[in-house]
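Trainee: Before I ask anything, let me first share the structure, which is written out below as C-alpha cells.
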Amino acid sequence: MSLDRIPLAGVIGSPIAHSKSPLLHGHWLKSLGLPGHYVHLDISSDKLEEALRFMPTLGFVGANVTLPFKERILGIADTVSDRATIIGAANTLIFTKDGKIFADNTDGYGFLENMYQSAPNWKAADGPCVVFGAGGASRAIIASLLDAGAPEIRLTNRTKQRSEKLRDEFGHRIAVVDWVQAGDVLNDATTIVNTTALGMTGKPEFTISLDRINPNATVCDLVYTPLKTTFLQQAEDAGCEIVDGLGMLLHQAVPGFERWFGQRPMVDEAARKAILG
Ligand code: NAP
C-alpha cells in the first residue's frame with residue numbers, strides 16, 4: 001500500500017445493502033484513528049471478475065465476500081488459502097501489491113476465537129461435539145472443530161444426504177445422526193453448535209428437544225438475530241454455558257481488517273454495539 005493513498009475495502013455481494021460489516025469496519029477505523037473507508041459493493045454476477053481485477057487500481061486493498069459469491073470466488077482468485085480450500089468457500093480477499101487476489105476463509109477462525117473469548121475454559125478436545133446443520137457455515141465449523149482437536153463430531157441435518165457428503169469429505173471423526181434422533185446424542189456432548197438458520201428472526205423455530213442435554217456442555221448458536229435464541233435460552237435454562245453468534249461475526253472480520261488497514265482491532269463491547277447499530 002502506498003503511503004499517499006487512502007486504503008479502501010468493502011463487502012461484495014448481491015444484494016448487499018443489508019450487510020452490517022461497514023458499521024463494524026467504520027467503527028474500528030474511527031476508534032483506531034486510521035485512514036481508510038469500507039463500503040457496500042453490490043456487483044452483478046456477470047461483472048464479478050472484471051470488477052475484482054479493477055479494484056486494486058481504484059485503491060482497494062481487499063474485500064469481504066458474501067452470498068452469492070463465496071464459492072465462486074475460489075475459481076477467480078489467484079491463490080486460495082488451505083482453510084478456504086477445505087471449507088470450499090472464501091469470505092476474505094487480499095489484493096497483493098502485484099494486483100493478485102488471495103482468497104481466505106476466516107469463518108472457522110471467527111467461530112473458535114468467539115468460543116475462546118466467551119467461554120475461556122472451553123476446549124474442542126474435551127469431548128464429543130454435536131453440530132446441527134450441514135450447510136455452508138457448518139463446513140467451517142466442522143473444519144475448525146476438527147483442527148482444534150474434537151475427538152468426534154455428531155452431525156445432524158434435516159437433509160441427511162448433506163451430512164453424509166460432509167462425513168465423506170471430513171472423514172472418520174464425523175458420525176452422521178438422523179435429524180429425528182438428534183435429541184438422543186446430547187447427553188455426553190461437551191460442545192453443541194447450531195449452524196442451521198432455525199431460530200433466526202423470520203425463520204421457523206428450532207424444535208429438537210434439548211431435554212437430554214449435558215448441563216456441562218458449551219452451546220453456541222450461529223444465529224445472532226435475536227441475540228439470545230430460544231435454542232440458547234433452553235440450553236442456559238438446562239445449566240449450559242452459552243455463546244451467541246454475534247461474536248463469531250466480529251472475530252471473522254479481524255484478520256481482514258488487520259491485513260488491509262495495518263492494525264489489529266479489538267472485539268469488545270463497543271464493537272458489538274457498533275454492529276448492532
Ligand atoms: P445454508 O448453507 O443455506 O444452510 C442452511 C442450513 O439450515 C442447512 O443445514 C439447512 O438444512 C438448515 N435449515 C434451513 N431451514 C431449515 C428447516 N426449516 N428445518 C431444518 N433445517 C433447516 O446457510 P449457512 O450459510 O450455512 O448459514 C446458516 C446460518 O448460520 C444462518 O442463520 C446464518 O445467518 C448463520 N451464520 C452465522 C455466522 C456468524 O458469523 N455468526 C456466519 C455464517 C452463517 P437442509 O440442508 O436440510 O436444507
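To be explicit about the labels: the chains of the C-alpha cells are called A, B, and onward in the order shown, and within each one the residues are counted from 1, while ligands get numbers from 1 in the order they are shown.
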Out of segment 34-277 of chain A, which residues get strand (DSSP E) from DSSP, as a ChimeraX atom specification?
Mentor: /A:37-42,60-65,79-80,92-95,101-104,129-132,153-156,174-177,191-194,218-221,241-243
Trainee: Counting only C-alpha atoms, what is within 9 Å of segment 46-53 of chain A, bar same-chain residues fewer than 6 positions away, as a list in words?
Mentor: Phe69, Ile73, Ile76, Gly99, Lys100 and Ile101 of chain A
Trainee: Given a cut-off of 8 Å, what residues near ligand 1 show up using only C-alpha atoms and all ligand atoms, put as number ranges by chain?
Mentor: A: 107, 110-111, 132-139, 157-160, 162, 194-200, 203-204, 206, 221-224, 244-250, 252
Trainee: Those same residues - N, CA, C and O atoms - I'd like them written as a compact mmCIF listing (two decimals), in the first residue's frame.
Mentor:
```txt
# COMPACT_ATOMS: atom_id res chain seq x y z
N ASP A 107 -14.16 -17.81 8.69
CA ASP A 107 -15.35 -18.16 9.49
C ASP A 107 -15.00 -19.13 10.64
O ASP A 107 -15.46 -18.95 11.77
N GLY A 110 -13.10 -17.32 13.23
CA GLY A 110 -14.02 -16.45 14.00
C GLY A 110 -14.83 -17.25 15.00
O GLY A 110 -15.05 -16.81 16.14
N PHE A 111 -15.24 -18.45 14.59
CA PHE A 111 -16.01 -19.32 15.49
C PHE A 111 -15.16 -19.68 16.71
O PHE A 111 -15.59 -19.54 17.86
N PHE A 132 -25.54 -29.17 14.56
CA PHE A 132 -26.81 -29.16 13.84
C PHE A 132 -26.61 -28.38 12.54
O PHE A 132 -26.18 -27.22 12.58
N GLY A 133 -26.94 -29.00 11.40
CA GLY A 133 -26.85 -28.29 10.13
C GLY A 133 -25.67 -28.75 9.31
O GLY A 133 -24.60 -29.08 9.86
N ALA A 134 -25.84 -28.79 7.99
CA ALA A 134 -24.76 -29.23 7.09
C ALA A 134 -24.67 -28.31 5.87
O ALA A 134 -24.36 -28.74 4.77
N GLY A 135 -24.93 -27.02 6.09
CA GLY A 135 -24.83 -26.05 5.00
C GLY A 135 -23.44 -25.44 4.95
O GLY A 135 -22.47 -26.01 5.46
N GLY A 136 -23.33 -24.25 4.37
CA GLY A 136 -22.03 -23.60 4.19
C GLY A 136 -21.35 -23.30 5.51
O GLY A 136 -20.14 -23.56 5.67
N ALA A 137 -22.09 -22.77 6.47
CA ALA A 137 -21.48 -22.41 7.77
C ALA A 137 -20.99 -23.66 8.49
O ALA A 137 -19.95 -23.65 9.15
N SER A 138 -21.74 -24.74 8.36
CA SER A 138 -21.37 -25.99 9.03
C SER A 138 -19.99 -26.47 8.60
O SER A 138 -19.20 -26.96 9.42
N ARG A 139 -19.68 -26.33 7.33
CA ARG A 139 -18.37 -26.79 6.83
C ARG A 139 -17.23 -26.09 7.58
O ARG A 139 -16.24 -26.71 7.95
N ASN A 157 -28.59 -33.22 10.21
CA ASN A 157 -29.15 -32.22 9.30
C ASN A 157 -30.49 -32.73 8.78
O ASN A 157 -30.68 -33.93 8.60
N ARG A 158 -31.41 -31.80 8.55
CA ARG A 158 -32.72 -32.19 8.02
C ARG A 158 -32.55 -33.06 6.77
O ARG A 158 -33.16 -34.11 6.64
N THR A 159 -31.69 -32.61 5.86
CA THR A 159 -31.42 -33.40 4.64
C THR A 159 -30.18 -34.26 4.90
O THR A 159 -29.04 -33.75 4.87
N LYS A 160 -30.40 -35.53 5.19
CA LYS A 160 -29.31 -36.40 5.65
C LYS A 160 -28.16 -36.51 4.65
O LYS A 160 -26.99 -36.59 5.02
N ARG A 162 -26.77 -34.38 2.90
CA ARG A 162 -25.75 -33.33 3.03
C ARG A 162 -24.78 -33.67 4.17
O ARG A 162 -23.59 -33.40 4.08
N ASN A 194 -25.45 -24.89 16.87
CA ASN A 194 -26.49 -24.79 15.84
C ASN A 194 -25.96 -23.98 14.68
O ASN A 194 -25.68 -22.79 14.82
N THR A 195 -25.81 -24.64 13.52
CA THR A 195 -25.39 -23.90 12.32
C THR A 195 -26.54 -23.81 11.33
O THR A 195 -26.33 -23.40 10.18
N THR A 196 -27.75 -24.24 11.73
CA THR A 196 -28.90 -24.08 10.83
C THR A 196 -29.44 -22.66 10.96
O THR A 196 -29.06 -21.92 11.87
N ALA A 197 -30.33 -22.32 10.04
CA ALA A 197 -30.95 -21.00 10.10
C ALA A 197 -32.15 -20.99 11.06
O ALA A 197 -32.77 -19.95 11.26
N LEU A 198 -32.44 -22.14 11.67
CA LEU A 198 -33.61 -22.23 12.56
C LEU A 198 -33.45 -21.31 13.77
O LEU A 198 -32.38 -21.24 14.37
N GLY A 199 -34.52 -20.60 14.10
CA GLY A 199 -34.50 -19.71 15.26
C GLY A 199 -34.19 -18.27 14.90
O GLY A 199 -34.33 -17.36 15.71
N MET A 200 -33.76 -18.08 13.64
CA MET A 200 -33.47 -16.72 13.17
C MET A 200 -34.79 -15.97 12.99
O MET A 200 -35.80 -16.59 12.60
N LYS A 203 -37.60 -17.02 10.50
CA LYS A 203 -37.46 -18.43 10.12
C LYS A 203 -38.18 -19.30 11.15
O LYS A 203 -38.46 -18.83 12.26
N PRO A 204 -38.44 -20.59 10.83
CA PRO A 204 -39.08 -21.45 11.82
C PRO A 204 -38.21 -21.60 13.07
O PRO A 204 -37.00 -21.41 13.02
N PHE A 206 -36.34 -23.52 16.27
CA PHE A 206 -35.58 -24.75 16.49
C PHE A 206 -36.42 -25.64 17.40
O PHE A 206 -36.73 -25.24 18.53
N ASP A 221 -24.87 -20.81 19.24
CA ASP A 221 -25.80 -20.65 18.12
C ASP A 221 -25.19 -19.65 17.14
O ASP A 221 -24.82 -18.55 17.54
N LEU A 222 -25.07 -20.04 15.87
CA LEU A 222 -24.52 -19.10 14.88
C LEU A 222 -25.52 -18.00 14.55
O LEU A 222 -25.14 -16.92 14.09
N VAL A 223 -26.80 -18.30 14.79
CA VAL A 223 -27.83 -17.26 14.57
C VAL A 223 -27.63 -16.15 15.60
O VAL A 223 -27.41 -16.44 16.77
N TYR A 224 -27.66 -14.89 15.15
CA TYR A 224 -27.47 -13.78 16.10
C TYR A 224 -28.60 -12.75 16.04
O TYR A 224 -28.52 -11.71 16.68
N ASP A 244 -23.24 -16.63 22.05
CA ASP A 244 -24.08 -16.18 20.92
C ASP A 244 -23.25 -16.02 19.64
O ASP A 244 -22.01 -16.03 19.66
N GLY A 245 -23.94 -15.89 18.51
CA GLY A 245 -23.28 -15.89 17.21
C GLY A 245 -22.70 -14.55 16.78
O GLY A 245 -21.95 -14.48 15.81
N LEU A 246 -23.03 -13.49 17.53
CA LEU A 246 -22.53 -12.18 17.12
C LEU A 246 -21.01 -12.11 17.21
O LEU A 246 -20.35 -11.53 16.35
N GLY A 247 -20.47 -12.74 18.25
CA GLY A 247 -19.01 -12.71 18.44
C GLY A 247 -18.28 -13.34 17.27
O GLY A 247 -17.21 -12.87 16.86
N MET A 248 -18.85 -14.40 16.67
CA MET A 248 -18.21 -15.03 15.51
C MET A 248 -18.15 -14.04 14.35
O MET A 248 -17.14 -13.93 13.65
N LEU A 249 -19.26 -13.33 14.15
CA LEU A 249 -19.32 -12.34 13.07
C LEU A 249 -18.23 -11.28 13.25
O LEU A 249 -17.60 -10.85 12.28
N LEU A 250 -18.01 -10.88 14.50
CA LEU A 250 -16.99 -9.86 14.77
C LEU A 250 -15.58 -10.43 14.59
O LEU A 250 -14.74 -9.83 13.93
N GLN A 252 -14.54 -13.00 12.85
CA GLN A 252 -14.13 -13.38 11.49
C GLN A 252 -13.68 -12.16 10.69
O GLN A 252 -12.99 -12.30 9.68
```
Trainee: Identify, on the basis of only C-alpha atoms, every residue whose closest approach to Leu74 of chain A does not exceed 7 Å; exclude the query and any residue fewer than 5 positions from it along the same chain; express the result as JSON, numbers by chain.
Mentor: {"A": [80, 89, 90, 103]}
Trainee: Would you mind listing what lies within 8 Å of segment 169-186 of chain A as a VMD selection string, with only C-alpha atoms counted and same-chain residues fewer than 6 positions away left out?
Mentor: chain A and resid 130 143 146 151 to 158 160 163 192 208 to 214
Trainee: Could you save the residues just selected, with C-alpha atoms, as a PDB file, in the first residue's frame?
Mentor:
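Wrote part-v8.pdb, looks like this:
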```pdb
ATOM      1  CA  VAL A 130     -22.822 -32.116  18.163  1.00  0.00           C
ATOM      2  CA  ALA A 143     -13.164 -27.889   9.839  1.00  0.00           C
ATOM      3  CA  LEU A 146     -11.505 -30.951  13.893  1.00  0.00           C
ATOM      4  CA  PRO A 151     -12.468 -36.310  19.070  1.00  0.00           C
ATOM      5  CA  GLU A 152     -15.890 -36.873  17.449  1.00  0.00           C
ATOM      6  CA  ILE A 153     -18.482 -34.721  15.698  1.00  0.00           C
ATOM      7  CA  ARG A 154     -22.061 -35.940  15.643  1.00  0.00           C
ATOM      8  CA  LEU A 155     -23.500 -34.256  12.595  1.00  0.00           C
ATOM      9  CA  THR A 156     -27.220 -33.965  12.060  1.00  0.00           C
ATOM     10  CA  ASN A 157     -29.149 -32.222   9.300  1.00  0.00           C
ATOM     11  CA  ARG A 158     -32.720 -32.190   8.017  1.00  0.00           C
ATOM     12  CA  LYS A 160     -29.310 -36.401   5.654  1.00  0.00           C
ATOM     13  CA  SER A 163     -24.388 -34.693   6.357  1.00  0.00           C
ATOM     14  CA  ILE A 192     -23.120 -28.233  20.812  1.00  0.00           C
ATOM     15  CA  ILE A 208     -35.406 -30.503  18.510  1.00  0.00           C
ATOM     16  CA  SER A 209     -35.736 -31.349  22.203  1.00  0.00           C
ATOM     17  CA  LEU A 210     -32.799 -30.362  24.402  1.00  0.00           C
ATOM     18  CA  ASP A 211     -34.270 -32.282  27.377  1.00  0.00           C
ATOM     19  CA  ARG A 212     -31.298 -34.654  27.454  1.00  0.00           C
ATOM     20  CA  ILE A 213     -28.605 -32.008  27.038  1.00  0.00           C
ATOM     21  CA  ASN A 214     -25.402 -32.298  29.081  1.00  0.00           C
TER      22      ASN A 214
END
```
Trainee: Give the helix (DSSP H, G or I) residues of segment 73-164 of chain A, as DSSP finds them on the backbone, and put them as a ChimeraX atom specification.
Mentor: /A:73-76,82-87,107-118,124-126,136-147,160-164
Trainee: I need the residues from that last selection saved to file as a PDB file, in the first residue's frame (with C-alpha atoms), if you can.
Mentor:
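And here is the file that came out, result.pdb:
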```pdb
ATOM      1  CA  ILE A  73     -14.637 -16.654  -5.799  1.00  0.00           C
ATOM      2  CA  LEU A  74     -12.311 -19.663  -5.373  1.00  0.00           C
ATOM      3  CA  GLY A  75     -12.265 -20.081  -9.153  1.00  0.00           C
ATOM      4  CA  ILE A  76     -11.362 -16.428  -9.696  1.00  0.00           C
ATOM      5  CA  ASP A  82      -5.661 -24.068   2.724  1.00  0.00           C
ATOM      6  CA  ARG A  83      -8.585 -23.382   5.035  1.00  0.00           C
ATOM      7  CA  ALA A  84     -10.658 -21.784   2.235  1.00  0.00           C
ATOM      8  CA  THR A  85      -9.909 -24.835   0.070  1.00  0.00           C
ATOM      9  CA  ILE A  86     -11.020 -27.216   2.832  1.00  0.00           C
ATOM     10  CA  ILE A  87     -14.189 -25.212   3.525  1.00  0.00           C
ATOM     11  CA  ASP A 107     -15.351 -18.162   9.489  1.00  0.00           C
ATOM     12  CA  GLY A 108     -13.825 -21.114  11.367  1.00  0.00           C
ATOM     13  CA  TYR A 109     -11.209 -18.846  12.939  1.00  0.00           C
ATOM     14  CA  GLY A 110     -14.022 -16.453  13.997  1.00  0.00           C
ATOM     15  CA  PHE A 111     -16.005 -19.319  15.491  1.00  0.00           C
ATOM     16  CA  LEU A 112     -13.072 -20.590  17.579  1.00  0.00           C
ATOM     17  CA  GLU A 113     -11.991 -17.128  18.734  1.00  0.00           C
ATOM     18  CA  ASN A 114     -15.568 -16.406  19.819  1.00  0.00           C
ATOM     19  CA  MET A 115     -15.671 -19.649  21.803  1.00  0.00           C
ATOM     20  CA  TYR A 116     -12.302 -18.937  23.453  1.00  0.00           C
ATOM     21  CA  GLN A 117     -13.295 -15.361  24.335  1.00  0.00           C
ATOM     22  CA  SER A 118     -16.848 -16.115  25.522  1.00  0.00           C
ATOM     23  CA  ALA A 124     -12.944 -28.676  21.464  1.00  0.00           C
ATOM     24  CA  ALA A 125     -10.929 -31.683  22.633  1.00  0.00           C
ATOM     25  CA  ASP A 126     -12.912 -32.050  25.882  1.00  0.00           C
ATOM     26  CA  GLY A 136     -22.033 -23.599   4.188  1.00  0.00           C
ATOM     27  CA  ALA A 137     -21.479 -22.414   7.766  1.00  0.00           C
ATOM     28  CA  SER A 138     -21.371 -25.992   9.032  1.00  0.00           C
ATOM     29  CA  ARG A 139     -18.369 -26.788   6.826  1.00  0.00           C
ATOM     30  CA  ALA A 140     -16.356 -24.008   8.506  1.00  0.00           C
ATOM     31  CA  ILE A 141     -17.421 -25.101  11.999  1.00  0.00           C
ATOM     32  CA  ILE A 142     -16.566 -28.768  11.321  1.00  0.00           C
ATOM     33  CA  ALA A 143     -13.164 -27.889   9.839  1.00  0.00           C
ATOM     34  CA  SER A 144     -12.296 -25.677  12.814  1.00  0.00           C
ATOM     35  CA  LEU A 145     -13.545 -28.141  15.459  1.00  0.00           C
ATOM     36  CA  LEU A 146     -11.505 -30.951  13.893  1.00  0.00           C
ATOM     37  CA  ASP A 147      -8.484 -28.669  13.679  1.00  0.00           C
ATOM     38  CA  LYS A 160     -29.310 -36.401   5.654  1.00  0.00           C
ATOM     39  CA  GLN A 161     -27.550 -36.606   2.303  1.00  0.00           C
ATOM     40  CA  ARG A 162     -25.747 -33.335   3.031  1.00  0.00           C
ATOM     41  CA  SER A 163     -24.388 -34.693   6.357  1.00  0.00           C
ATOM     42  CA  GLU A 164     -23.222 -37.829   4.595  1.00  0.00           C
TER      43      GLU A 164
END
```
Trainee: Mind pulling up the distance from atom CA of Asp268 of chain A to atom CA of Ala189 of chain A?
Mentor: 28.9 Å
Trainee: What's around segment 94-97 of chain A at 12 Å? Count only C-alpha atoms, leave out sequence neighbours fewer than 3 positions away in its own chain, and write the answer as an MDAnalysis selection string.
Mentor: chainID A and resid 1:2 7:10 52:65 77:81 90:91 100:105 255:261
